[in-house]
Number of protein chains: 2
Amino acid sequence: MSLPKHLSSSDLKWLEQPAPTNNIVVSSRTRLARNLSDQPFAPHANPSDLSEIDDQIREAIDQNPFFKSFTRVELSESTASERAFLKEARLISKEMERGGANRAVYVNQDLKCSIMVNEEDHLRMQRLEPGLQISQAQLQLDEVDRETAKVLPLAFHDHFGFLTACPTNVGTGLRASVMMHLPGLAFRREIEAAFRDLPSKGLTVRGFQGENSEGLGDFYQISNEVTLGKSVAEIEQHLDEAVSAIIAREREARSLLLTHGGMTVTDAVWRSFGILANARRMESAEAMKLLSRLRLGIDAGFFDNLSHEKFNRLVVEIQPGHLHYRHGAAEDAEQRDIARADLIRRALVTKT
Amino acid sequence: MSLPKHLSSSDLKWLEQPAPTNNIVVSSRTRLARNLSDQPFAPHANPSDLSEIDDQIREAIDQNPFFKSFTRVELSESTASERAFLKEARLISKEMERGGANRAVYVNQDLKCSIMVNEEDHLRMQRLEPGLQISQAQLQLDEVDRETAKVLPLAFHDHFGFLTACPTNVGTGLRASVMMHLPGLAFRREIEAAFRDLPSKGLTVRGFQGENSEGLGDFYQISNEVTLGKSVAEIEQHLDEAVSAIIAREREARSLLLTHGGMTVTDAVWRSFGILANARRMESAEAMKLLSRLRLGIDAGFFDNLSHEKFNRLVVEIQPGHLHYRHGAAEDAEQRDIARADLIRRALVTKT
């Protein structure tokens, strides 16, 4: 199978919606972990259990008209490029990208919301919003949660809250995260200092593609580590406070770089632009590094053709899965690097 | 003193004259070493001798109307930037750039011809022409030589020919040289192979700025090493043959790079263009390296705004002396690097 037509032709248009602070916070995401009360949790489930869980969820979802705007994708029947596309669009997790039997994902029309089946928990539902909009994302996700609860028996404990496969998710089952772009702090080598307080606030940092990709293109995901004993409001508030502090530091760093960094920064930004706007072949890591410099130039108003929104979307569209699946680039790395350079070049010389 | 106004405002327009093979041979130069028969040669001359030699030459030149189009510049009264300017324009030698008492240079209006006084020999006269035009340069220089001989007693030996301070110049006193730009052979790492036969033909290789600058920006000066026992015609012919062979190899290299090098070369050329057309600060060595790549792109018709002639001139105009003396850049390296980047950027985005 390939992804349904309306998914494959969909763009990450939501990343281009006007949104607060989207020159620093690319997107906000909340996700809820939920499990069926009448089935063994995933770590203890055998294939036939998983199949039964999947069937039960499918039947329930099918009977609730709320989910009509969602498309079901069987991960076992998808190609690696399709899964890469979904992962890059942040609709499935790194774990789900591996594929596997009895796994599926429901994706809504605008590519902002998805429900993973048989990830670490029976159900992982999540909602993305552009910019810094944690509460807004959670508000939307709450509705999905309620509609799910209408048709499925969810494991809930009066004292602990929602039960999950991993204890860190017990309680609200909520993980809220924001994807930050911090080229200013990176340029000034202040990332470590800016993140120093996060662990003590129960927050953790990951990279652009989740674990082990920290710092790629100066993108960082900040999220809450533990949910037990905290209300949704508390989780949101702690994250929001920490992120706001980092935003302030990044703003200051960018301003200092452009006023005091003078020619060094200006030169670095324009050189990055020059290479991006002219190269005929470019690997992903180089593109991420050079694009990151451009953010400082967009802030400074250097580029007529590049908005923060367009930038945020471009960064996803140059990833391998998108290049192959969305832009028809061949699977081999050389052809993909050529397609990436073409895409970037067009983006930088075409009016937003 | 500063250089006379009409010199300081003169451009290297001659480098932009249409000329044979000027996509590979930037310029041709011939120079003649001459000495006064009634004065000690420079290595044995004391300051008062040198002063007397200089006086004698000045009086002679002044009385011959042929030299009316020449301007005399006292090197002892010139600034380092003025001398750098003259050196970069190839009107004085590296040795003369140091300045020193009793040294002067006569420069003609179009900056193609100069006569150095009290260099290694009493008189060093030379003529530049764009492209591969050794005979043409020598033809013009012959006239200067004859006009000099009319008013000065030159040291000549019936058997050895013209006598010079260094035995390698005895005979015709002629050194003919061509400045070649060989980015194709450099890219393919075939420079060494292309130059292998030169010593056996009595030819030698120097760099862009004479000795010890070999290979800067892939520029190479090829010239005859010894003059004794060879006629002017032989010297010209040997050099012409060797240069023609290198031209053929460079042509083949460029053609191979663009047809078989494919994306690697195309990508490298466009990246170089991107940096040159956008950087806000650039050191000389980087500029030379990146510009060299552009030559392959000019050959391939990539750039509407850049001709081989304009390129040949640009390479000289971005040198430190020209930037300071001609383009008003400050003496400090930072300001010069900014002026260099500005000059290059303007050249690459303005129609020829």
# chains A, B, ... in the order shown; residues from 1 in each chain; ligands from 1
call {"tool": "closest_atom_pairs", "arguments": {"of": "chain A", "to": "chain B", "cutoff": "6 Å", "atoms": "only C-alpha atoms", "output": "JSON lines"}}
result
{"residue": "A:Asp267", "atom": "CA", "partner": "B:Arg280", "partner_atom": "CA", "distance": 4.7}
{"residue": "A:Trp270", "atom": "CA", "partner": "B:Asn278", "partner_atom": "CA", "distance": 5.3}
{"residue": "A:Arg271", "atom": "CA", "partner": "B:Ala279", "partner_atom": "CA", "distance": 5.0}
{"residue": "A:Gly274", "atom": "CA", "partner": "B:Gly274", "partner_atom": "CA", "distance": 3.9}
{"residue": "A:Ile275", "atom": "CA", "partner": "B:Gly274", "partner_atom": "CA", "distance": 5.0}
{"residue": "A:Asn278", "atom": "CA", "partner": "B:Trp270", "partner_atom": "CA", "distance": 5.3}
{"residue": "A:Ala279", "atom": "CA", "partner": "B:Arg271", "partner_atom": "CA", "distance": 5.0}
{"residue": "A:Arg280", "atom": "CA", "partner": "B:Asp267", "partner_atom": "CA", "distance": 4.7}
call {"tool": "residues_around", "arguments": {"residues": "Lys68 of chain A", "least_positions_apart": "4", "cutoff": "10 Å", "atoms": "only C-alpha atoms", "output": "JSON, numbers by chain"}}
result
{"A": [61, 62, 63, 64, 108, 109]}
call {"tool": "write_last_selection", "arguments": {"atoms": "C-alpha atoms", "output": "PDB file, in the first residue's frame"}}
result
ATOM      1  CA  ILE A  61     -12.770   4.505  15.969  1.00  0.00           C
ATOM      2  CA  ASP A  62     -14.836   3.473  12.959  1.00  0.00           C
ATOM      3  CA  GLN A  63     -18.071   3.771  14.916  1.00  0.00           C
ATOM      4  CA  ASN A  64     -17.355   7.323  16.187  1.00  0.00           C
ATOM      5  CA  ASN A 108      -6.188  13.785  10.491  1.00  0.00           C
ATOM      6  CA  GLN A 109      -6.594  15.846   7.352  1.00  0.00           C
TER       7      GLN A 109
END
call {"tool": "atom_distance", "arguments": {"atom1": "atom CA of Ala155 of chain A", "atom2": "atom CA of Thr172 of chain A"}}
result
11.7 Å
call {"tool": "residues_around", "arguments": {"residues": "Ala84 of chain B", "least_positions_apart": "6", "cutoff": "8 Å", "atoms": "only C-alpha atoms", "output": "list in words"}}
result
Glu97, Pro320, Gly321 and His322 of chain B
call {"tool": "write_last_selection", "arguments": {"atoms": "C-alpha atoms", "output": "PDB file, in the first residue's frame"}}
result
ATOM      1  CA  GLU B  97      58.578  46.925  -4.229  1.00  0.00           C
ATOM      2  CA  PRO B 320      45.805  44.569  -1.180  1.00  0.00           C
ATOM      3  CA  GLY B 321      47.640  47.411  -2.919  1.00  0.00           C
ATOM      4  CA  HIS B 322      44.852  47.992  -5.407  1.00  0.00           C
TER       5      HIS B 322
END
call {"tool": "residues_around", "arguments": {"residues": "segment 186-197 of chain B", "least_positions_apart": "2", "cutoff": "8 Å", "atoms": "only C-alpha atoms", "output": "PyMOL selection string"}}
result
chain B and resi 182-184+199-201+218+246+249+253+257
call {"tool": "atom_distance", "arguments": {"atom1": "atom CA of Arg98 of chain A", "atom2": "atom CA of Arg83 of chain A"}}
result
7.8 Å
call {"tool": "atom_distance", "arguments": {"atom1": "atom CA of Glu120 of chain B", "atom2": "atom CA of Arg58 of chain B"}}
result
17.5 Å
call {"tool": "residues_around", "arguments": {"residues": "Lys230 of chain B", "least_positions_apart": "4", "cutoff": "9 Å", "atoms": "only C-alpha atoms", "output": "NGL selection string"}}
result
:B and (171-172 or 226 or 234-235)
call {"tool": "write_last_selection", "arguments": {"atoms": "N, CA, C and O atoms", "output": "PDB file, in the first residue's frame"}}
result
ATOM      1  N   GLY B 171      73.263  38.112 -23.026  1.00  0.00           N
ATOM      2  CA  GLY B 171      72.865  37.728 -24.389  1.00  0.00           C
ATOM      3  C   GLY B 171      71.808  38.691 -24.874  1.00  0.00           C
ATOM      4  O   GLY B 171      72.073  39.872 -25.058  1.00  0.00           O
ATOM      5  N   THR B 172      70.612  38.195 -25.028  1.00  0.00           N
ATOM      6  CA  THR B 172      69.528  39.093 -25.432  1.00  0.00           C
ATOM      7  C   THR B 172      69.053  39.941 -24.247  1.00  0.00           C
ATOM      8  O   THR B 172      68.452  40.988 -24.429  1.00  0.00           O
ATOM      9  N   VAL B 226      67.155  31.013 -19.094  1.00  0.00           N
ATOM     10  CA  VAL B 226      68.477  31.442 -19.562  1.00  0.00           C
ATOM     11  C   VAL B 226      68.349  32.124 -20.914  1.00  0.00           C
ATOM     12  O   VAL B 226      67.503  31.749 -21.725  1.00  0.00           O
ATOM     13  N   GLU B 234      64.212  32.351 -30.885  1.00  0.00           N
ATOM     14  CA  GLU B 234      64.237  31.012 -30.267  1.00  0.00           C
ATOM     15  C   GLU B 234      63.545  31.031 -28.908  1.00  0.00           C
ATOM     16  O   GLU B 234      62.787  30.119 -28.565  1.00  0.00           O
ATOM     17  N   ILE B 235      63.871  32.054 -28.124  1.00  0.00           N
ATOM     18  CA  ILE B 235      63.257  32.159 -26.793  1.00  0.00           C
ATOM     19  C   ILE B 235      61.739  32.227 -26.931  1.00  0.00           C
ATOM     20  O   ILE B 235      60.993  31.506 -26.267  1.00  0.00           O
TER      21      ILE B 235
END
call {"tool": "select_by_dssp", "arguments": {"residues": "segment 37-79 of chain A", "states": "strand (DSSP E)", "output": "JSON, numbers by chain"}}
result
{"A": [70, 71, 72, 73, 74]}
call {"tool": "select_by_dssp", "arguments": {"residues": "segment 59-254 of chain B", "states": "alpha helix (DSSP H)", "output": "PyMOL selection string"}}
result
chain B and resi 59-63+80-88+94-97+134-151+183-187+191-195+232-254
call {"tool": "closest_residue", "arguments": {"among": "A:Leu163, A:Gly217, A:His324, A:Ala330", "to": "Glu82 of chain A", "atoms": "only C-alpha atoms"}}
result
A:His324
